[in-house]
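Student: If you scroll down you'll find the structure; I have some questions about it.
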Amino acid sequence: MDLEPRINKYQIALDNREIKAPKRDEKREKKRVIILSGVASVFFLLVILITLPLTVLSWSGLLVYSSIVSLVIFLFLVLFRYFSILILAYLFITRYTVIEKKHYQPFVSILVPVFNEEKVVKQSVESLLEIDYPNYEIIIINDGSKDKTAEVAETLVGYRQGRSCLVKISLINKPNSGKAKSLNAGIQYSQAQFVLCMDGDSKLSSNCLKMGMKHFSDPAVGAVAGNVKVENRKKFLTDLQALEYLEGLNLARSAQGFIKMVNIIPGPIGIFRKSALRDVGFYSSDTFAEDADLTLKISAKSWKIEYEPNAVAFTEAPETVHQLLKQRYRWTRGILQAIRKHRKHLYNPTINFNNTIILWSMFFEAIVWPLMNVFVNLFFILVALTYEKSIFIFLWWVGLAIVDVMAAIYCVAAEKEEFRLVLYAIVYKVVFILLIDITKTMGTIEEFLGITMTWGKLERVGSAGSAPKRMAPAIVKTVGPK
């Protein structure tokens with residue numbers, strides 16, 4: 001008896017509608033920047049000229065005293081930020097371990113967008129067959145790859161025996177138009193009411209669907225953010241990023257989860273109710289951080305967004321400094337673009353108060369905090385070298401390092417991670433974070449000045465040029481009836 005499935009091949013038309021971002025008037029923005037900068041400069045110059053004769057401090061004394069005030073204010077902000085996040089994260093973990101949610105196992109489509117991934121697509125898709133969940137399918141979306149990704153993916157099409165069920169694997173071949181439109185194609189093709197969106201090179205934990213889908217028993221939940229960890233460790237730079245994901249990203253996401261204000265559903269693993277995606281117009285490709293943009297759109301429509309720490313995606317972190325800085329540069333500019341796109345929520349909390357808080361927190365983390373960190377470090381180094389106050393600056397840095405070590409120990413313990421990552425805490429604080437914040441500062445300046453950025457500068461990404469209004473139809477390969 002022939003058990004080989006019959007492969008069906010047909011074309012489908014995709015709805016590529018997107019919610020358009022507000023149109024930018026760059027000339028007006030630059031003119032406004034020049035005027036505001038000029039007015040601010042004149043104001044501060046007048047303040048200095050008027051108040052300087054009234055002070056008895058010398059220039060050197062003024063610099064020393066201002067450095068002390070700056071140190072105290074900055075240290076207060078650091079401690080407030082650290083301990084507020086730690087307390088909220090602790091409350092989240094405590095509530096998570098106490099409250100048991102009932103199982104909820106509807107049909108789910110796992111969407112795997114790929115572009116030039118011939119070397120990893122087979123391994124990535126086959127790893128998804130190990131997921132312990134009784135009711136799911138896999139949809140591969142090939143975004144116009146130039147290599148043999150389509151040929152390799154076609155060999156996977158059909159029914160495959162998974163860990164808990166027979167899994168249907170389908171393939172969509174479409175013209176290149178970027179990750180956002182690829183995921184939109186998969187969302188619209190899927191017949192499931194829930195979709196898991198991931199990166200093509202990510203690997204998911206076997207219990208990710210069981211743990212993530214429990215939250216959707218609440219009909220008000222529109223999305224669940226997963227937990228992202230670094231897979232390629234055992235190297236100095238990637239180990240630093242592994243600690244960063246624990247302390248800088250997942251710790252903050254736990255705190256946000258407690259107050260129901262998750263600000264970014266990560267690209268490597270996000271689970272969505274399809275009606276919520278339809279409600280907000282699906283993914284948009286007008287920013288370099290489609291994940292942040294989509295999260296803000298879902299939150300603006302008053303859908304709940306939960307965080308599930310046991311729905312884990314393992315991702316490949318950059319292994320060179322150049323790749324790392326390009327990635328963080330793109331993240332920074334993408335987040336700023338998303339903030340600008342939704343800026344009306346910054347000024348008007350009556351639209352959606354939660355979104356206003358989320359946007360202000362993103363504004364602080366993306367702009368204020370990096371600029372402050374870079375400025376304060378440079379200022380204190382200057383004071384230490386000029387006025388021989390190096391012992392005080394050293395003690396200040398030691399105090400911050402102790403706080404970082406405490407946070408690292410908590411994060412490693414909470415997520416049952418490798419304790420050796422704690423040993424990187426000092427380097428992480430003194431060198432790594434400062435390097436990332438300098439990159440964020442440069443990205444902020446370039447975004448502020450409107451300097452053009454293209455996806456072509458980044459690795460493992462297709463061109464993000466504007467897609468034509470009439471695109472060629474997608475080619476779907478699947479088995480059995482649709």
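In the structure tokens, chains take letters A, B, ... by order of appearance, with residues numbered from 1 within each chain and ligands from 1 in the order shown.
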Neighbours of A:Trp303 within 8 Å (only C-alpha atoms; same-chain residues fewer than 2 positions away dropped), as a PyMOL selection string?
Tutor: chain A and resi 220-223+276+298-301+305
Student: Keeping N, CA and C atoms, export the residues of the selection given above as a PDB file, in the first residue's frame.
Tutor:
ATOM      1  N   ALA A 220      -9.695  37.485  27.044  1.00  0.00           N
ATOM      2  CA  ALA A 220      -9.180  38.849  26.906  1.00  0.00           C
ATOM      3  C   ALA A 220      -7.698  38.879  26.547  1.00  0.00           C
ATOM      4  N   VAL A 221      -7.024  37.727  26.610  1.00  0.00           N
ATOM      5  CA  VAL A 221      -5.593  37.663  26.293  1.00  0.00           C
ATOM      6  C   VAL A 221      -5.423  37.597  24.776  1.00  0.00           C
ATOM      7  N   GLY A 222      -4.686  38.561  24.231  1.00  0.00           N
ATOM      8  CA  GLY A 222      -4.472  38.603  22.788  1.00  0.00           C
ATOM      9  C   GLY A 222      -3.136  38.054  22.352  1.00  0.00           C
ATOM     10  N   ALA A 223      -2.155  38.010  23.279  1.00  0.00           N
ATOM     11  CA  ALA A 223      -0.818  37.536  22.906  1.00  0.00           C
ATOM     12  C   ALA A 223      -0.056  37.098  24.149  1.00  0.00           C
ATOM     13  N   ALA A 276      -6.969  38.954  17.442  1.00  0.00           N
ATOM     14  CA  ALA A 276      -6.251  40.153  17.897  1.00  0.00           C
ATOM     15  C   ALA A 276      -5.382  40.708  16.773  1.00  0.00           C
ATOM     16  N   ILE A 298      -1.383  45.957  19.612  1.00  0.00           N
ATOM     17  CA  ILE A 298      -2.256  45.036  20.352  1.00  0.00           C
ATOM     18  C   ILE A 298      -2.649  45.634  21.700  1.00  0.00           C
ATOM     19  N   SER A 299      -1.682  46.227  22.389  1.00  0.00           N
ATOM     20  CA  SER A 299      -1.957  46.852  23.679  1.00  0.00           C
ATOM     21  C   SER A 299      -2.920  48.025  23.527  1.00  0.00           C
ATOM     22  N   ALA A 300      -2.763  48.785  22.427  1.00  0.00           N
ATOM     23  CA  ALA A 300      -3.632  49.947  22.203  1.00  0.00           C
ATOM     24  C   ALA A 300      -5.090  49.544  22.014  1.00  0.00           C
ATOM     25  N   LYS A 301      -5.318  48.310  21.560  1.00  0.00           N
ATOM     26  CA  LYS A 301      -6.681  47.809  21.380  1.00  0.00           C
ATOM     27  C   LYS A 301      -7.213  47.135  22.653  1.00  0.00           C
ATOM     28  N   ILE A 305      -1.603  41.206  27.302  1.00  0.00           N
ATOM     29  CA  ILE A 305      -0.392  40.532  26.829  1.00  0.00           C
ATOM     30  C   ILE A 305       0.293  39.906  28.043  1.00  0.00           C
TER      31      ILE A 305
END
Student: DSSP on the backbone, helix (DSSP H, G or I) only: what residues of stretch 226-289 of chain A does that give? Format it as JSON, numbers by chain.
Tutor: {"A": [236, 237, 238, 239, 240, 241, 242, 243, 244, 245, 246, 247, 248, 249, 250, 251, 252, 253, 254, 255, 256, 257, 258, 274, 275, 276, 277, 278, 279, 280]}
Student: Store the residues of this selection in a file with N, CA and C atoms, as a tab-separated table (two decimals), in the first residue's frame.
Tutor:
chain	number	residue	atom	x	y	z
A	236	PHE	N	33.20	34.19	24.82
A	236	PHE	CA	33.16	35.36	25.71
A	236	PHE	C	32.02	36.30	25.35
A	237	LEU	N	31.90	36.67	24.08
A	237	LEU	CA	30.88	37.64	23.68
A	237	LEU	C	29.47	37.07	23.79
A	238	THR	N	29.29	35.82	23.40
A	238	THR	CA	27.96	35.22	23.47
A	238	THR	C	27.55	34.92	24.92
A	239	ASP	N	28.51	34.64	25.78
A	239	ASP	CA	28.19	34.47	27.21
A	239	ASP	C	27.73	35.79	27.82
A	240	LEU	N	28.35	36.89	27.41
A	240	LEU	CA	27.91	38.20	27.88
A	240	LEU	C	26.47	38.47	27.43
A	241	GLN	N	26.17	38.08	26.20
A	241	GLN	CA	24.80	38.27	25.71
A	241	GLN	C	23.82	37.34	26.42
A	242	ALA	N	24.28	36.13	26.78
A	242	ALA	CA	23.42	35.22	27.53
A	242	ALA	C	23.04	35.85	28.87
A	243	LEU	N	24.01	36.50	29.53
A	243	LEU	CA	23.72	37.20	30.79
A	243	LEU	C	22.81	38.40	30.53
A	244	GLU	N	23.05	39.11	29.42
A	244	GLU	CA	22.22	40.26	29.09
A	244	GLU	C	20.76	39.85	28.88
A	245	TYR	N	20.53	38.73	28.18
A	245	TYR	CA	19.17	38.27	27.96
A	245	TYR	C	18.48	37.95	29.28
A	246	LEU	N	19.25	37.40	30.24
A	246	LEU	CA	18.68	37.07	31.55
A	246	LEU	C	18.40	38.33	32.36
A	247	GLU	N	19.42	39.18	32.48
A	247	GLU	CA	19.33	40.33	33.39
A	247	GLU	C	18.71	41.55	32.74
A	248	GLY	N	19.03	41.78	31.47
A	248	GLY	CA	18.57	42.99	30.83
A	248	GLY	C	17.22	42.88	30.14
A	249	LEU	N	16.85	41.66	29.69
A	249	LEU	CA	15.61	41.49	28.94
A	249	LEU	C	14.56	40.69	29.70
A	250	ASN	N	14.91	39.46	30.10
A	250	ASN	CA	13.91	38.60	30.74
A	250	ASN	C	13.52	39.08	32.14
A	251	LEU	N	14.47	39.65	32.88
A	251	LEU	CA	14.14	40.20	34.20
A	251	LEU	C	13.13	41.34	34.06
A	252	ALA	N	13.39	42.24	33.10
A	252	ALA	CA	12.46	43.35	32.87
A	252	ALA	C	11.11	42.84	32.39
A	253	ARG	N	11.12	41.80	31.53
A	253	ARG	CA	9.85	41.26	31.02
A	253	ARG	C	9.05	40.61	32.14
A	254	SER	N	9.72	40.00	33.11
A	254	SER	CA	9.01	39.44	34.27
A	254	SER	C	8.32	40.54	35.07
A	255	ALA	N	9.06	41.65	35.26
A	255	ALA	CA	8.47	42.79	35.98
A	255	ALA	C	7.28	43.36	35.22
A	256	GLN	N	7.42	43.46	33.91
A	256	GLN	CA	6.31	43.95	33.09
A	256	GLN	C	5.13	42.98	33.12
A	257	GLY	N	5.45	41.68	33.18
A	257	GLY	CA	4.39	40.68	33.24
A	257	GLY	C	3.55	40.80	34.49
A	258	PHE	N	4.16	41.21	35.59
A	258	PHE	CA	3.41	41.33	36.84
A	258	PHE	C	2.38	42.44	36.77
A	274	LYS	N	-5.48	34.97	16.68
A	274	LYS	CA	-5.57	35.54	15.35
A	274	LYS	C	-6.57	36.69	15.27
A	275	SER	N	-7.61	36.65	16.06
A	275	SER	CA	-8.57	37.74	16.05
A	275	SER	C	-7.94	39.04	16.53
A	276	ALA	N	-6.97	38.95	17.44
A	276	ALA	CA	-6.25	40.15	17.90
A	276	ALA	C	-5.38	40.71	16.77
A	277	LEU	N	-4.72	39.82	16.02
A	277	LEU	CA	-3.90	40.26	14.89
A	277	LEU	C	-4.77	40.90	13.82
A	278	ARG	N	-5.92	40.30	13.55
A	278	ARG	CA	-6.83	40.87	12.56
A	278	ARG	C	-7.35	42.23	13.04
A	279	ASP	N	-7.54	42.36	14.32
A	279	ASP	CA	-8.07	43.59	14.91
A	279	ASP	C	-7.12	44.77	14.71
A	280	VAL	N	-5.82	44.49	14.68
A	280	VAL	CA	-4.82	45.58	14.59
A	280	VAL	C	-4.21	45.70	13.19
Student: With only C-alpha atoms as the atoms that count, which of A:Leu325, A:Leu371, A:Ile391, A:Ile141 lies nearest to A:Ile110?
Tutor: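 Under the stated criterion, the closest residue is A:Ile141.
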Student: So how many Å separate atom CA of A:Lys174 and atom CA of A:Asn116, to one decimal?
Tutor: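 Those two atoms sit 13.0 Å apart.
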Student: Which residues in stretch 44-210 of chain A does DSSP call strand (DSSP E)? List them as a PyMOL selection string.
Tutor: chain A and resi 108-114+136-143+158-161+166-174+194-197+203-204
